[in-house]
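entry22.csv follows; it contains CSV, C-alpha atoms.
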```csv
chain,number,residue,atom,x,y,z
U,1296,MET,CA,127.5,88.6,95.2
U,1297,ASN,CA,127.6,92.4,95.3
U,1298,LEU,CA,129.9,94.7,93.4
U,1299,TYR,CA,132.5,94.9,96.2
U,1300,GLU,CA,132.7,91.1,96.3
U,1301,ILE,CA,133.1,91.0,92.5
U,1302,LEU,CA,136.2,93.2,92.8
U,1303,HIS,CA,137.3,91.3,96.0
U,1304,VAL,CA,137.5,94.6,98.0
U,1305,SER,CA,135.9,95.7,101.3
U,1306,GLN,CA,133.0,98.2,101.3
U,1307,ASP,CA,135.3,101.0,102.7
U,1308,ALA,CA,138.2,100.4,100.2
U,1309,PRO,CA,139.7,103.6,98.9
U,1310,GLU,CA,139.7,104.5,95.2
U,1311,GLU,CA,143.3,103.3,94.7
U,1312,ILE,CA,142.6,99.8,96.0
U,1313,ILE,CA,139.5,99.6,93.7
U,1314,LYS,CA,141.6,100.6,90.7
U,1315,LEU,CA,144.3,98.0,91.5
U,1316,ALA,CA,141.7,95.3,92.1
U,1317,TYR,CA,140.1,96.1,88.7
U,1318,LYS,CA,143.4,96.1,86.9
U,1319,GLY,CA,144.4,92.8,88.4
U,1320,LEU,CA,141.1,91.1,87.7
U,1321,ALA,CA,140.9,92.5,84.1
U,1322,GLN,CA,144.3,91.0,83.4
U,1323,LYS,CA,143.4,87.7,85.0
U,1324,TYR,CA,140.0,87.2,83.2
U,1325,HIS,CA,140.9,88.9,79.8
U,1326,PRO,CA,139.6,86.6,77.0
U,1327,ASP,CA,143.2,86.3,75.7
U,1328,ARG,CA,144.4,84.8,79.0
U,1329,TYR,CA,141.3,83.2,80.6
U,1330,LYS,CA,140.1,80.3,78.6
U,1331,GLY,CA,136.8,79.7,80.3
U,1332,ASN,CA,133.5,80.0,78.3
U,1333,ASP,CA,132.3,82.7,80.7
U,1334,ALA,CA,135.2,85.1,80.2
U,1335,ASN,CA,133.1,87.7,78.5
U,1336,GLU,CA,130.4,87.5,81.2
U,1337,ILE,CA,133.0,87.9,84.0
U,1338,MET,CA,134.6,90.8,82.2
U,1339,VAL,CA,131.2,92.6,81.9
U,1340,LYS,CA,130.5,92.1,85.6
U,1341,ILE,CA,134.0,93.4,86.5
U,1342,ARG,CA,133.7,96.4,84.3
U,1343,GLU,CA,130.2,97.2,85.6
U,1344,ALA,CA,131.4,97.0,89.2
U,1345,TYR,CA,134.4,99.2,88.5
U,1346,GLU,CA,132.4,101.9,86.7
U,1347,THR,CA,129.9,102.1,89.6
U,1348,LEU,CA,132.4,102.1,92.5
U,1349,ILE,CA,135.0,104.4,90.9
U,1350,ASP,CA,132.3,107.1,90.5
U,1351,PRO,CA,131.8,108.8,94.0
U,1352,GLU,CA,128.1,109.6,93.3
U,1353,LYS,CA,127.3,106.2,92.0
U,1354,ARG,CA,129.2,104.5,94.8
U,1355,LYS,CA,127.3,106.5,97.4
U,1356,ASN,CA,124.0,105.6,95.8
U,1357,TYR,CA,125.0,101.9,95.6
U,1358,ASP,CA,126.0,101.9,99.3
U,1359,THR,CA,122.6,103.3,100.1
U,1360,PHE,CA,121.1,100.6,98.0
U,1361,LEU,CA,123.0,97.9,99.9
U,1362,ALA,CA,121.8,99.3,103.2
U,1363,GLU,CA,118.2,99.5,102.0
U,1364,GLN,CA,118.4,95.9,100.8
U,1365,ALA,CA,119.5,94.7,104.2
U,1366,ARG,CA,116.5,96.6,105.7
U,1367,ARG,CA,114.1,95.2,103.1
U,1368,LYS,CA,115.3,91.7,103.7
U,1369,GLN,CA,114.6,92.2,107.4
U,1370,GLN,CA,111.1,93.5,106.6
U,1371,GLN,CA,110.5,90.4,104.4
U,1372,GLU,CA,111.6,88.1,107.2
U,1373,GLU,CA,109.2,89.9,109.6
U,1374,TYR,CA,106.4,89.6,107.0
U,1375,VAL,CA,107.0,85.8,106.7
U,1376,LYS,CA,107.0,85.6,110.4
U,1377,ARG,CA,103.6,87.4,110.6
U,1378,GLN,CA,102.3,85.1,107.9
U,1379,GLN,CA,103.3,82.0,109.9
U,1380,GLN,CA,101.7,83.5,113.0
U,1381,GLU,CA,98.4,84.0,111.1
U,1382,GLU,CA,98.6,80.5,109.8
U,1383,PHE,CA,99.1,79.2,113.3
U,1384,ILE,CA,96.0,81.1,114.5
U,1385,ARG,CA,93.9,79.8,111.6
U,1386,SER,CA,95.0,76.2,112.5
U,1387,GLN,CA,94.2,76.8,116.1
U,1388,ARG,CA,90.7,78.1,115.2
U,1389,ALA,CA,90.1,75.1,113.0
U,1390,ALA,CA,91.1,72.7,115.8
U,1391,PHE,CA,88.8,74.6,118.2
U,1392,ASP,CA,85.9,74.5,115.8
U,1393,GLN,CA,86.4,70.7,115.3
U,1394,GLN,CA,86.6,70.2,119.1
U,1395,ASN,CA,83.4,72.3,119.6
U,1396,ARG,CA,81.5,70.2,117.0
U,1397,THR,CA,82.7,67.0,118.6
U,1398,SER,CA,81.6,68.2,122.1
U,1399,SER,CA,78.2,69.2,120.7
U,1400,ASN,CA,77.7,65.7,119.2
U,1401,SER,CA,78.7,64.1,122.5
U,1402,GLN,CA,76.3,66.2,124.4
U,1403,SER,CA,73.5,65.3,122.0
U,1404,GLU,CA,74.2,61.6,122.4
U,1405,GLN,CA,74.3,61.9,126.2
U,1406,GLN,CA,70.9,63.7,126.2
U,1407,ALA,CA,69.5,60.9,124.1
U,1408,GLN,CA,70.8,58.3,126.5
U,1409,ASN,CA,69.3,60.2,129.5
U,1410,LYS,CA,65.9,60.3,127.7
U,1411,ASP,CA,66.0,56.5,127.2
U,1412,SER,CA,67.0,55.9,130.8
U,1413,LYS,CA,64.0,57.9,132.0
U,1414,SER,CA,61.6,55.9,129.8
U,1415,PHE,CA,63.0,52.6,130.9
U,1416,LYS,CA,63.5,51.8,134.6
U,1417,MET,CA,64.2,48.4,136.1
U,1418,ASN,CA,64.1,47.7,139.8
U,1419,ILE,CA,66.0,44.6,140.8
U,1420,SER,CA,65.7,43.1,144.2
U,1421,ILE,CA,68.2,40.6,145.4
U,1422,ASP,CA,68.1,38.7,148.6
U,1423,VAL,CA,71.7,38.5,149.8
U,1424,PRO,CA,72.6,36.1,152.5
U,1425,ASN,CA,74.0,37.4,155.8
U,1426,SER,CA,77.4,36.0,154.9
U,1427,PHE,CA,77.5,38.6,152.0
U,1428,SER,CA,76.5,41.6,154.0
U,1429,ILE,CA,80.0,42.9,153.8
U,1430,PHE,CA,79.3,44.0,150.2
U,1431,SER,CA,76.2,46.0,151.1
U,1432,PRO,CA,78.2,49.3,151.5
U,1433,PHE,CA,79.6,49.0,148.0
U,1434,ILE,CA,76.2,48.2,146.6
U,1435,LYS,CA,74.7,51.3,148.3
U,1436,LEU,CA,77.6,53.4,146.9
U,1437,LYS,CA,76.9,52.1,143.4
U,1438,ASN,CA,73.2,52.8,143.7
U,1439,TRP,CA,73.9,56.3,145.0
U,1440,ILE,CA,76.3,57.0,142.0
U,1441,ILE,CA,73.6,55.7,139.6
U,1442,SER,CA,71.0,58.0,141.2
U,1443,LYS,CA,73.3,61.0,140.9
U,1444,LYS,CA,74.3,60.2,137.3
U,1445,LYS,CA,72.4,63.2,135.9
U,1446,VAL,CA,74.2,65.6,138.3
U,1447,PHE,CA,77.6,64.3,137.3
U,1448,ILE,CA,76.7,64.7,133.6
U,1449,GLN,CA,75.6,68.3,134.2
U,1450,VAL,CA,78.8,69.2,136.2
U,1451,GLY,CA,81.0,67.6,133.4
U,1452,SER,CA,79.1,69.6,130.7
U,1453,ILE,CA,79.6,72.8,132.6
U,1454,CYS,CA,83.4,72.2,133.0
U,1455,ILE,CA,83.7,71.4,129.3
U,1456,ALA,CA,81.8,74.6,128.3
U,1457,LEU,CA,84.1,76.7,130.6
U,1458,ALA,CA,87.2,75.1,129.1
U,1459,LEU,CA,85.9,75.9,125.6
U,1460,ILE,CA,85.1,79.5,126.5
U,1461,ILE,CA,88.6,80.1,128.0
U,1462,THR,CA,90.2,78.5,124.9
U,1463,LEU,CA,88.1,80.8,122.6
U,1464,ALA,CA,89.0,83.9,124.6
U,1465,VAL,CA,92.8,83.1,124.4
U,1466,ALA,CA,92.6,82.4,120.7
U,1467,ALA,CA,90.6,85.6,120.0
U,1468,THR,CA,93.1,87.7,122.0
U,1469,ALA,CA,96.0,86.3,120.1
U,1470,TYR,CA,94.2,86.8,116.8
U,1471,MET,CA,93.4,90.5,117.6
U,1472,ASN,CA,97.0,91.1,118.8
U,1473,ASN,CA,98.2,89.7,115.5
U,1474,LEU,CA,95.9,92.0,113.5
U,1475,SER,CA,97.3,95.0,115.3
U,1476,VAL,CA,100.9,94.3,114.2
U,1477,LYS,CA,100.4,96.3,110.9
U,1478,THR,CA,102.8,99.1,110.9
U,1479,ASP,CA,102.2,102.8,110.1
U,1480,ALA,CA,104.4,102.4,107.0
U,1481,GLU,CA,102.0,99.8,105.5
U,1482,ALA,CA,99.1,102.2,106.1
U,1483,ILE,CA,101.0,105.0,104.4
U,1484,THR,CA,101.9,102.7,101.5
U,1485,ALA,CA,98.2,101.9,101.0
U,1486,ALA,CA,97.3,105.6,101.0
U,1487,GLU,CA,100.1,106.4,98.5
U,1488,GLU,CA,98.8,103.6,96.2
U,1489,ALA,CA,95.3,105.0,96.2
U,1490,ILE,CA,96.6,108.5,95.4
U,1491,ALA,CA,98.8,107.2,92.6
U,1492,ALA,CA,95.9,105.2,91.1
U,1493,ALA,CA,93.7,108.3,91.1
U,1494,GLU,CA,96.4,110.5,89.5
U,1495,VAL,CA,97.1,107.9,86.7
U,1496,ALA,CA,93.4,107.5,86.0
U,1497,GLU,CA,93.1,111.3,85.6
U,1498,ALA,CA,96.1,111.4,83.3
U,1499,ALA,CA,94.5,108.8,81.0
U,1500,ALA,CA,91.8,111.4,80.1
U,1501,ASP,CA,94.3,114.3,79.5
U,1502,ALA,CA,97.4,112.7,77.8
U,1503,ALA,CA,98.0,113.1,74.1
U,1504,ALA,CA,98.9,109.7,72.7
U,1505,ALA,CA,101.6,109.1,70.1
U,1506,GLU,CA,101.9,106.1,67.9
U,1507,VAL,CA,103.5,103.1,69.5
U,1508,VAL,CA,104.0,100.1,67.2
U,1509,GLU,CA,104.5,97.6,70.0
U,1510,THR,CA,101.2,98.4,71.8
U,1511,GLY,CA,99.1,99.3,68.8
U,1512,VAL,CA,98.0,102.7,70.2
U,1513,ASP,CA,97.4,105.2,67.4
U,1514,TYR,CA,99.0,108.7,67.7
U,1515,ASN,CA,95.6,110.5,67.0
U,1516,LEU,CA,93.4,108.5,69.4
U,1517,THR,CA,90.8,110.5,71.2
U,1518,ASN,CA,89.9,110.1,74.9
U,1519,SER,CA,86.8,108.1,73.8
U,1520,GLU,CA,88.8,105.8,71.5
U,1521,LEU,CA,91.4,105.3,74.2
U,1522,THR,CA,88.6,104.2,76.5
U,1523,ASN,CA,87.4,101.7,73.9
U,1524,TYR,CA,90.9,100.4,73.5
U,1525,GLY,CA,91.1,99.9,77.3
U,1526,GLU,CA,87.8,98.0,77.2
U,1527,ALA,CA,89.0,95.8,74.3
U,1528,VAL,CA,92.2,94.9,76.2
U,1529,ALA,CA,90.1,94.2,79.4
U,1530,ALA,CA,87.9,91.8,77.4
U,1531,ASP,CA,91.0,90.0,76.0
U,1532,GLU,CA,93.1,89.9,79.2
U,1533,GLY,CA,90.5,89.5,81.9
U,1534,PHE,CA,91.2,92.8,83.6
U,1535,ASP,CA,88.4,94.8,85.3
U,1536,PRO,CA,87.7,98.3,83.9
U,1537,ALA,CA,89.2,100.1,86.9
U,1538,GLU,CA,92.5,98.3,86.5
U,1539,GLU,CA,92.5,98.8,82.7
U,1540,ALA,CA,92.1,102.6,83.2
U,1541,VAL,CA,95.5,102.5,84.8
U,1542,ALA,CA,96.9,100.3,82.0
U,1543,ALA,CA,95.5,102.7,79.4
U,1544,ALA,CA,97.1,105.7,81.1
U,1545,LYS,CA,100.4,103.9,81.3
U,1546,ALA,CA,100.1,103.1,77.6
U,1547,ALA,CA,99.7,106.8,76.9
U,1548,ASP,CA,102.8,107.5,79.0
U,1549,ALA,CA,104.7,105.0,76.9
U,1550,ALA,CA,103.3,106.6,73.7
U,1551,ASP,CA,104.5,110.0,74.8
U,1552,LEU,CA,108.0,108.8,75.5
U,1553,ALA,CA,108.1,107.1,72.1
U,1554,ALA,CA,106.9,110.3,70.5
U,1555,SER,CA,110.0,112.2,71.7
U,1556,ASN,CA,112.1,109.9,69.5
U,1557,THR,CA,109.8,109.7,66.5
U,1558,TYR,CA,108.0,113.1,66.1
U,1559,ASN,CA,109.2,116.7,66.3
U,1560,SER,CA,105.8,118.3,66.4
U,1561,ASP,CA,104.7,120.6,69.3
U,1562,VAL,CA,102.0,118.1,70.3
U,1563,GLY,CA,104.5,115.3,70.6
U,1564,ASN,CA,106.8,117.5,72.6
U,1565,ASN,CA,104.0,118.5,75.0
U,1566,SER,CA,103.0,114.9,75.4
U,1567,VAL,CA,106.5,113.9,76.3
U,1568,GLU,CA,106.6,116.7,79.0
U,1569,VAL,CA,103.4,115.4,80.5
U,1570,ALA,CA,104.7,111.8,80.5
U,1571,LYS,CA,108.0,113.0,82.2
U,1572,ASN,CA,106.1,114.9,84.9
U,1573,SER,CA,103.8,111.9,85.5
U,1574,LYS,CA,106.9,109.7,85.9
U,1575,LYS,CA,108.3,112.0,88.5
U,1576,SER,CA,105.2,112.1,90.6
U,1577,THR,CA,104.4,108.4,90.6
U,1578,LEU,CA,106.1,105.1,89.8
U,1579,ALA,CA,103.5,102.4,89.2
U,1580,PRO,CA,103.6,99.0,87.3
U,1581,ASP,CA,102.7,99.1,83.6
U,1582,LYS,CA,100.3,96.3,83.1
U,1583,VAL,CA,100.5,96.4,79.3
U,1584,LEU,CA,104.3,96.0,79.4
U,1585,ILE,CA,103.9,93.3,82.1
U,1586,THR,CA,101.6,91.3,80.0
U,1587,LYS,CA,103.9,91.5,77.0
U,1588,ALA,CA,107.0,90.6,79.1
U,1589,VAL,CA,105.3,87.6,80.7
U,1590,ARG,CA,104.2,86.3,77.3
U,1591,GLU,CA,107.7,86.7,75.8
U,1592,PHE,CA,109.2,85.0,78.9
U,1593,GLU,CA,106.9,82.0,78.6
U,1594,ALA,CA,107.6,81.7,74.8
U,1595,VAL,CA,111.4,81.8,75.3
U,1596,LEU,CA,111.3,79.4,78.2
U,1597,SER,CA,109.3,76.9,76.2
U,1598,LEU,CA,111.7,77.1,73.3
U,1599,SER,CA,115.2,77.4,74.8
U,1600,GLY,CA,114.7,77.0,78.6
U,1601,ILE,CA,115.9,79.3,81.4
U,1602,ILE,CA,119.3,79.7,79.7
U,1603,GLY,CA,117.6,81.3,76.7
U,1604,VAL,CA,115.7,83.6,79.1
U,1605,LYS,CA,118.9,84.6,80.7
U,1606,GLU,CA,120.4,85.5,77.3
U,1607,ILE,CA,117.4,87.6,76.2
U,1608,VAL,CA,117.4,89.5,79.6
U,1609,GLN,CA,121.1,90.4,79.2
U,1610,LYS,CA,120.5,91.4,75.6
U,1611,CYS,CA,117.6,93.6,76.6
U,1612,TYR,CA,119.6,95.5,79.2
U,1613,THR,CA,122.6,96.0,76.9
U,1614,ASP,CA,120.5,97.2,73.9
U,1615,ILE,CA,120.5,101.0,74.0
U,1616,ASN,CA,117.2,101.2,72.1
U,1617,SER,CA,115.3,98.8,74.4
U,1618,ASN,CA,112.7,99.9,76.9
U,1619,LYS,CA,114.5,99.4,80.2
U,1620,GLU,CA,111.2,99.2,82.2
U,1621,TYR,CA,110.1,96.3,79.9
U,1622,CYS,CA,113.5,94.7,80.5
U,1623,LEU,CA,112.9,95.0,84.3
U,1624,TYR,CA,109.5,93.2,84.0
U,1625,LEU,CA,111.0,90.5,81.8
U,1626,ASP,CA,113.7,90.0,84.3
U,1627,TYR,CA,111.2,90.1,87.3
U,1628,SER,CA,109.0,87.5,85.6
U,1629,ALA,CA,112.0,85.1,85.3
U,1630,ARG,CA,112.9,85.9,88.9
U,1631,ILE,CA,109.4,85.1,90.3
U,1632,PHE,CA,109.2,81.9,88.2
U,1633,ASP,CA,112.7,80.8,89.3
U,1634,ALA,CA,111.9,81.4,93.0
U,1635,ASN,CA,108.4,79.9,93.0
U,1636,TYR,CA,107.8,77.5,90.1
U,1637,ALA,CA,111.2,76.1,89.0
U,1638,TYR,CA,110.9,72.9,91.0
U,1639,GLU,CA,107.2,72.4,90.0
U,1640,MET,CA,108.2,72.7,86.3
U,1641,ASN,CA,111.1,70.3,86.8
U,1642,THR,CA,113.5,73.1,86.1
U,1643,GLU,CA,116.7,73.8,88.2
U,1644,PRO,CA,116.9,77.3,89.7
U,1645,ASN,CA,119.4,79.5,87.9
U,1646,GLU,CA,121.9,81.6,89.9
U,1647,PHE,CA,121.5,84.5,87.5
U,1648,PHE,CA,118.0,85.1,88.8
U,1649,ALA,CA,118.9,84.8,92.5
U,1650,GLU,CA,117.5,87.7,94.6
U,1651,GLN,CA,120.7,89.6,95.3
U,1652,LEU,CA,121.9,89.5,91.7
U,1653,PHE,CA,118.4,90.5,90.4
U,1654,LEU,CA,118.2,93.5,92.7
U,1655,GLU,CA,121.7,94.7,91.9
U,1656,ARG,CA,121.0,94.2,88.1
U,1657,THR,CA,117.7,96.2,88.2
U,1658,PHE,CA,119.2,99.0,90.3
U,1659,VAL,CA,122.2,99.5,88.1
U,1660,ASN,CA,120.3,99.1,84.7
U,1661,TYR,CA,117.0,100.7,85.5
U,1662,TYR,CA,116.6,102.7,88.7
U,1663,LEU,CA,120.0,104.4,88.7
U,1664,PRO,CA,119.9,105.6,85.0
U,1665,MET,CA,116.3,106.8,85.7
U,1666,ASN,CA,117.7,108.8,88.6
U,1667,ILE,CA,115.3,107.0,91.0
U,1668,LEU,CA,117.4,107.0,94.2
U,1669,ASP,CA,114.6,107.0,96.8
U,1670,MET,CA,114.9,103.4,98.1
U,1671,ASP,CA,111.4,103.5,99.6
U,1672,GLU,CA,110.1,104.3,96.1
U,1673,VAL,CA,112.2,101.5,94.6
U,1674,ASN,CA,111.0,99.0,97.2
U,1675,LYS,CA,107.4,100.0,96.7
U,1676,HIS,CA,107.7,99.7,92.9
U,1677,LEU,CA,109.2,96.3,93.2
U,1678,MET,CA,106.5,95.1,95.6
U,1679,ASP,CA,103.7,96.5,93.4
U,1680,SER,CA,105.3,95.0,90.3
U,1681,TYR,CA,105.4,91.6,92.1
U,1682,TYR,CA,101.7,91.6,92.8
U,1683,ALA,CA,101.0,92.8,89.2
U,1684,ILE,CA,103.2,90.1,87.6
U,1685,LEU,CA,102.2,87.1,89.7
U,1686,PRO,CA,98.5,86.8,88.5
U,1687,VAL,CA,99.5,87.3,84.9
U,1688,LEU,CA,102.3,84.7,85.2
U,1689,LYS,CA,99.8,82.2,86.8
U,1690,LYS,CA,97.3,82.8,84.1
U,1691,GLN,CA,99.9,82.4,81.3
U,1692,PHE,CA,101.2,79.1,82.6
U,1693,SER,CA,97.7,77.8,83.4
U,1694,GLN,CA,96.9,78.0,79.7
```

The structure in this file should be written as structure tokens.
Amino acid sequence: MNLYEILHVSQDAPEEIIKLAYKGLAQKYHPDRYKGNDANEIMVKIREAYETLIDPEKRKNYDTFLAEQARRKQQQEEYVKRQQQEEFIRSQRAAFDQQNRTSSNSQSEQQAQNKDSKSFKMNISIDVPNSFSIFSPFIKLKNWIISKKKVFIQVGSICIALALIITLAVAATAYMNNLSVKTDAEAITAAEEAIAAAEVAEAAADAAAAEVVETGVDYNLTNSELTNYGEAVAADEGFDPAEEAVAAAKAADAADLAASNTYNSDVGNNSVEVAKNSKKSTLAPDKVLITKAVREFEAVLSLSGIIGVKEIVQKCYTDINSNKEYCLYLDYSARIFDANYAYEMNTEPNEFFAEQLFLERTFVNYYLPMNILDMDEVNKHLMDSYYAILPVLKKQFSQ
């Protein structure tokens, strides 16, 4: 349910209609009138929808977000379709390989039989009375077929081989056509990811780190010590050194942002400026925050279930002192679990973590306040975060 549906208005509704709709719903679901247990939650959604849609700039950005979501959903459906096509090709190749092995075994057995027939020949002579001379043509035909048995076997083998070659050519053509489906946008995305990784790795050597209590990074760490810290985390978490260089750089970015609230020194201010410039140039998943978020999600889930996770996500977004990027990773971990593992863990999926509500929630609470309005950048960050969270989530629950 999007913000327009919450207020029960159309997407092209004028400002006056939105105000009237908000006023009517606020009166209807006010806790003094509406006795349901979810009165406060409904009022929060109504208020959030009203504040976004009544502001022309925010409404314009939200309409852009809805349009991009429709495009992203179509791309995901196309991606699933391509995956199904690839799976079909793989199954066809497996069937072809099995057929090829079966044909080879049949040919080997046939060759063995031919060898035995050559080494053992029996001539049988039967005197047939004249009254049975009518059967002589059939006997001659049978003898001719037996004499030409080797020819028939060779012709059959050639036909089978031609059929296999044609099948292989068709399967190979379909497979190559499927490989060529990759779009230019995916190639551009891969290039941007490589550039972003190089820039973040370079920033890890230059950034001045501030003290961050949550991550344990000391304010006065040198570049060498920061490298040692990255190696220690790599040994603990199972990351490879190249990936942990990115995690260390992101930890330095987080330290600089924390320094802007804790320290007033020139070094702290300069570090904050570096972190802000880095944030503008690239938006990449923070593996340190992701690992922490997945661990907290697993702990809360084991103690109080998915309802407890829902409450802690809401509290994280509403707390003005919380790191909203951390809130996003906590929310995304619950979303991935709810979509992929809920039934396996004997847990019912929760509507709060449905795709549409999750996307609207993250856009309003993280991307919009961060002034990240480029939907291509938002979609790329969500996709990169998905592939960063999924292995950590699997590892955490495998333990």

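The protein and nucleic acid residues lying at most 8 Å from region 1312-1328 of chain U are Leu1302, His1303, Val1304, Ala1334, Asn1335, Ile1337, Met1338, Ile1341, Arg1342, Tyr1345, Leu1348 and Ile1349 of chain U, with only C-alpha atoms considered and sequence neighbours fewer than 6 positions away removed.
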
Build an axis-aligned box that encloses every atom of region 1614-1624 of chain U listed in the file, pad it by 4 Å on each side, and report its centre and edge lengths in Å to one decimal, as lines of an AutoDock Vina configuration file.
```
center_x = 115.0
center_y = 97.2
center_z = 78.2
size_x = 19.0
size_y = 16.0
size_z = 20.2
```

Show me, as a list in words, the residues that have an atom within 8 Å of region 1585-1598 of chain U when counting all atoms listed in the file, minus same-chain residues fewer than 6 positions from it. Val1604, Tyr1621, Cys1622, Tyr1624, Leu1625, Ser1628, Ala1629, Ala1683, Ile1684, Val1687, Leu1688, Gln1691 and Phe1692 of chain U

Considering only C-alpha atoms, can you say which of U:Ala1456, U:Leu1298, U:Ala1579, U:Ile1440 comes closest to Lys1675 (chain U)? U:Ala1579

Neighbourhood query: residues within 9 Å of (103.3, 80.9, 92.8), file coordinates, counting all atoms listed in the file; return as a list of chain:residue names. U:Ile1631, U:Phe1632, U:Ala1634, U:Asn1635, U:Tyr1636, U:Leu1685, U:Pro1686, U:Leu1688, U:Lys1689

Contact table region 1357-1419 of chain U vs region 1465-1468 of chain U, cut-off 8 Å, shortest pair per residue, only C-alpha atoms, as a tab-separated table:
```
residue	atom	partner	partner_atom	distance
U:Ile1384	CA	U:Ala1466	CA	7.2
U:Gln1387	CA	U:Ala1466	CA	7.4
U:Arg1388	CA	U:Ala1466	CA	7.2
```

Please dump the current selection as a PDB file, keeping the file's coordinate frame; keep C-alpha atoms.
```pdb
ATOM      1  CA  ILE U1384      96.000  81.100 114.500  1.00  0.00           C
ATOM      2  CA  GLN U1387      94.200  76.800 116.100  1.00  0.00           C
ATOM      3  CA  ARG U1388      90.700  78.100 115.200  1.00  0.00           C
TER       4      ARG U1388
END
```

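Atom pair CA of Glu1352 (chain U) / CA of Phe1648 (chain U) has a distance of 26.9 Å (rounded to one decimal).
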
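Counting from CA of Leu1463 (chain U), the distance to CA of Ser1399 (chain U) is 15.4 Å.
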
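Nearest-residue note for Phe1447 (chain U): choosing from U:Ile1461, U:Val1583, U:Gln1405, U:Ala1389, the minimum distance belongs to U:Gln1405, counting all atoms listed in the file.
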
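CA of Ala1308 (chain U) lies 13.2 Å from CA of Asp1350 (chain U).
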